[in-house]
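Engineer: Quick one: the structure is below, questions incoming.
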Amino acid sequence: MRQIKHITYSKLIRNNYQDLLKKTGYDDVNIKQISRAKTFYSQAMAEKSLEKRLNYINKALEIHPYFVSALNKRAHIYDELGKYKKALEDYNKAIKLAPWRASLYTSRSFALLMLGRYKEALKDLGIALSLNPEDKIAYNNRADVLKRLGNYEKAIENIKKALEIDSKFDLAWATLAEIKAHMGKEEFFNCLKKAIEFGFPLHKYYILDDIYNEFLTDSRFQQLFMISKEKNERFI
């Protein structure tokens with residue numbers, strides 16, 4: 001990239017940024033294509049429907065296959081749809097293009113976790129935290145993996161680190177509730193109540209973990225479920 005420093009801005013414009021694109025590995029994409037891809041990406045971000053959002057993201061990636069943010073966002077959509085293998089493919093592509101982005105490893109760890117590939121998920125989370133020690137989601141995800149491996153003590157250590165970074169982190173409170181479920185109902189409900197207070201959408205995510213099954217008929221859980229649903233629907 002040193003050679004780029006010696007190219008004038010006017011020359012970059014005259015060459016349609018091809019020198020810069022070539023150096024960054026995008027030499028088969030021109031600046032106009034990138035602009036069109038970003039337009040489709042912006043349209044995707046404005047959509048509430050996952051299907052429509054995915055359609056716009058696909059259009060962006062057809063034009064610009066190296067669009068890291070679009071690959072990451074499409075992977076997130078696949079995660080929401082439960083298509084974790086497809087999500088993993090996009091995360092792999094994105095990481096190959098931008099291996100310095102901590103958030104990509106954190107995101108990929110979720111797909112690996114849902115596929116039961118815990119050791120790989122832990123490896124990704126270690127990389128994410130080495131790149132960004134303030135990544136609260138990485139600490140939460142690592143706690144989730146450790147919880148599933150039965151290492152509750154280490155899981156709680158990681159949740160504490162996530163909550164030190166953000167004491168109102170709803171997902172961390174929810175994960176802590178899932179860990180505490182093995183230690184007693186009262187602690188489970190106290191943490192779950194905190195999670196919902198800070199915005200955790202229980203009504204959407206309780207199906208991702210079998211831990212919730214034993215609480216489904218409990219009136220306290222049903223009440224928190226309805227509070228979560230009403231609270232989140234207000235902001236749709």
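Simple scheme: letters A, B, ... for chains in structure tokens order, numbers from 1 for residues in each chain, numbers from 1 for ligands in the order shown.
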Under the rule of at most 6 Å, produce a per-residue listing of region 123-181 of chain A near region 193-211 of chain A: chain, number, name, the closest pair of atoms, and the distance in Å, as a tab-separated table, using only C-alpha atoms.
Structural biologist:
```
residue	atom	partner	partner_atom	distance
A:Lys168	CA	A:Phe198	CA	6.0
A:Asp170	CA	A:Ala195	CA	4.4
A:Trp173	CA	A:Ala195	CA	4.8
A:Ala174	CA	A:Ala195	CA	5.2
```
Engineer: Can you list, as a PyMOL selection string, every residue of region 76-145 of chain A that DSSP puts in alpha helix (DSSP H)?
Structural biologist: chain A and resi 76-80+84-97+102-114+118-131+136-145
Engineer: I'd like the contact shell of Tyr66 (chain A) - 8 Å cut-off, only C-alpha atoms, skipping same-chain residues fewer than 5 positions apart - returned as a PDB file with N, CA, C and O atoms, in the first residue's frame.
Structural biologist:
```pdb
ATOM      1  N   TYR A  26      -9.662  -5.408  -5.193  1.00  0.00           N
ATOM      2  CA  TYR A  26     -10.959  -5.241  -5.826  1.00  0.00           C
ATOM      3  C   TYR A  26     -10.809  -4.847  -7.301  1.00  0.00           C
ATOM      4  O   TYR A  26     -11.632  -4.141  -7.853  1.00  0.00           O
ATOM      5  N   LEU A  61     -24.239  -8.020  -3.356  1.00  0.00           N
ATOM      6  CA  LEU A  61     -23.113  -8.947  -3.480  1.00  0.00           C
ATOM      7  C   LEU A  61     -22.926  -9.480  -4.900  1.00  0.00           C
ATOM      8  O   LEU A  61     -21.825  -9.892  -5.265  1.00  0.00           O
ATOM      9  N   LEU A  71     -21.489  -9.133   3.263  1.00  0.00           N
ATOM     10  CA  LEU A  71     -21.302 -10.555   3.596  1.00  0.00           C
ATOM     11  C   LEU A  71     -21.642 -10.799   5.062  1.00  0.00           C
ATOM     12  O   LEU A  71     -22.321 -11.770   5.409  1.00  0.00           O
ATOM     13  N   ALA A  94     -15.885 -13.236   4.569  1.00  0.00           N
ATOM     14  CA  ALA A  94     -15.652 -11.901   5.132  1.00  0.00           C
ATOM     15  C   ALA A  94     -14.330 -11.855   5.903  1.00  0.00           C
ATOM     16  O   ALA A  94     -13.564 -10.895   5.781  1.00  0.00           O
ATOM     17  N   LEU A  97     -11.314 -11.646   3.745  1.00  0.00           N
ATOM     18  CA  LEU A  97     -11.126 -10.304   3.194  1.00  0.00           C
ATOM     19  C   LEU A  97     -10.680  -9.290   4.243  1.00  0.00           C
ATOM     20  O   LEU A  97      -9.948  -8.352   3.935  1.00  0.00           O
TER      21      LEU A  97
END
```
Engineer: Could you tell me which of A:Ala138, A:Ala111, A:Leu192, A:Leu163 comes closest to Tyr84 (chain A) if we count only C-alpha atoms?
Structural biologist: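 Of A:Ala138, A:Ala111, A:Leu192, A:Leu163, the one nearest Tyr84 (chain A), counting only C-alpha atoms, is A:Ala111.
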Engineer: I'd like the neighbourhood of Ala37 (chain A) as a list in words, where a residue qualifies if any of its atoms comes within 6 Å (using only C-alpha atoms), though same-chain residues fewer than 3 positions away should be ignored.
Structural biologist: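 Counting only the stated atoms, we get Ile34, Phe40, Ala60 and Ile63 of chain A.
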Engineer: Between A:Phe215, A:Phe189, A:Tyr105, A:Asp144, which has the minimum distance to Lys123 (chain A) (counting only C-alpha atoms)?
Structural biologist: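 The shortest atom-to-atom distance to Lys123 (chain A) comes from A:Tyr105.
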Engineer: If you measure from CA of Pro65 (chain A) to CA of Leu129 (chain A), what distance in Å do you get, rounded to one decimal?
Structural biologist: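 So the two atoms, CA of Pro65 (chain A) and CA of Leu129 (chain A), lie 27.6 Å apart.
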Engineer: Near region 114-121 of chain A, within 8 Å and counting only C-alpha atoms, which residues show up once chain neighbours fewer than 5 positions away are dropped, as a VMD selection string?
Structural biologist: chain A and resid 84 to 85 108 to 109 142 145
Engineer: Atoms to include: all heavy atoms. Write the selected residues as a compact mmCIF listing (two decimals), in the first residue's frame.
Structural biologist:
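Result saved to result-v5.txt:
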```txt
# COMPACT_ATOMS: atom_id res chain seq x y z
N TYR A 84 -27.35 -21.86 9.65
CA TYR A 84 -26.03 -21.59 10.21
C TYR A 84 -24.89 -22.00 9.28
O TYR A 84 -23.83 -21.37 9.29
CB TYR A 84 -25.90 -22.27 11.57
CG TYR A 84 -26.99 -21.84 12.53
CD1 TYR A 84 -27.94 -22.74 12.99
CD2 TYR A 84 -27.07 -20.51 12.94
CE1 TYR A 84 -28.96 -22.33 13.84
CE2 TYR A 84 -28.08 -20.09 13.80
CZ TYR A 84 -29.03 -21.00 14.24
OH TYR A 84 -30.04 -20.59 15.08
N LYS A 85 -25.09 -23.02 8.48
CA LYS A 85 -24.04 -23.42 7.53
C LYS A 85 -23.84 -22.35 6.46
O LYS A 85 -22.71 -22.05 6.07
CB LYS A 85 -24.38 -24.76 6.90
CG LYS A 85 -24.22 -25.94 7.85
CD LYS A 85 -24.49 -27.27 7.17
CE LYS A 85 -24.31 -28.42 8.14
NZ LYS A 85 -24.60 -29.74 7.50
N ARG A 108 -18.95 -15.03 13.80
CA ARG A 108 -18.81 -16.41 13.32
C ARG A 108 -18.91 -17.40 14.47
O ARG A 108 -19.41 -18.52 14.29
CB ARG A 108 -17.47 -16.58 12.58
CG ARG A 108 -17.33 -17.95 11.92
CD ARG A 108 -16.13 -18.04 11.00
NE ARG A 108 -14.86 -18.02 11.72
CZ ARG A 108 -13.67 -18.18 11.13
NH1 ARG A 108 -13.60 -18.36 9.80
NH2 ARG A 108 -12.56 -18.15 11.83
N SER A 109 -18.47 -16.99 15.64
CA SER A 109 -18.52 -17.89 16.80
C SER A 109 -19.95 -18.33 17.10
O SER A 109 -20.19 -19.45 17.57
CB SER A 109 -17.91 -17.23 18.03
OG SER A 109 -18.77 -16.25 18.60
N ARG A 142 -18.52 -16.34 24.66
CA ARG A 142 -17.63 -17.33 25.28
C ARG A 142 -18.29 -17.93 26.52
O ARG A 142 -18.17 -19.14 26.76
CB ARG A 142 -16.28 -16.68 25.64
CG ARG A 142 -15.25 -17.70 26.07
CD ARG A 142 -13.82 -17.24 25.84
NE ARG A 142 -13.43 -16.16 26.72
CZ ARG A 142 -12.20 -15.62 26.72
NH1 ARG A 142 -11.28 -16.08 25.88
NH2 ARG A 142 -11.89 -14.64 27.54
N VAL A 145 -20.75 -20.58 25.29
CA VAL A 145 -20.08 -21.83 24.91
C VAL A 145 -19.66 -22.61 26.15
O VAL A 145 -19.91 -23.82 26.26
CB VAL A 145 -18.84 -21.56 24.02
CG1 VAL A 145 -18.12 -22.88 23.71
CG2 VAL A 145 -19.22 -20.87 22.72
```
Engineer: Give me the residues near Ala155 (chain A) as a compact mmCIF listing (two decimals) with C-alpha atoms, in the first residue's frame, where near means some atom within 9 Å (using only C-alpha atoms) and where sequence neighbours in that chain fewer than 6 positions away do not count.
Structural biologist:
```txt
# COMPACT_ATOMS: atom_id res chain seq x y z
CA TYR A 139 -17.27 -12.32 26.38
CA ASN A 140 -20.96 -13.17 26.35
CA ARG A 142 -17.63 -17.33 25.28
CA ALA A 143 -19.75 -17.63 28.43
CA ASP A 144 -22.50 -19.25 26.34
CA VAL A 145 -20.08 -21.83 24.91
CA LEU A 146 -18.58 -22.57 28.34
CA LYS A 147 -22.09 -22.93 29.78
CA LEU A 176 -26.31 -15.32 33.18
CA ILE A 179 -26.22 -20.31 33.72
```
Engineer: Using only C-alpha atoms for the distances, tell me which of A:Asn92, A:Leu125, A:Glu47, A:Ser130 is nearest to Asn158 (chain A).
Structural biologist: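 Counting only C-alpha atoms, the residue closest to Asn158 (chain A) is A:Leu125.
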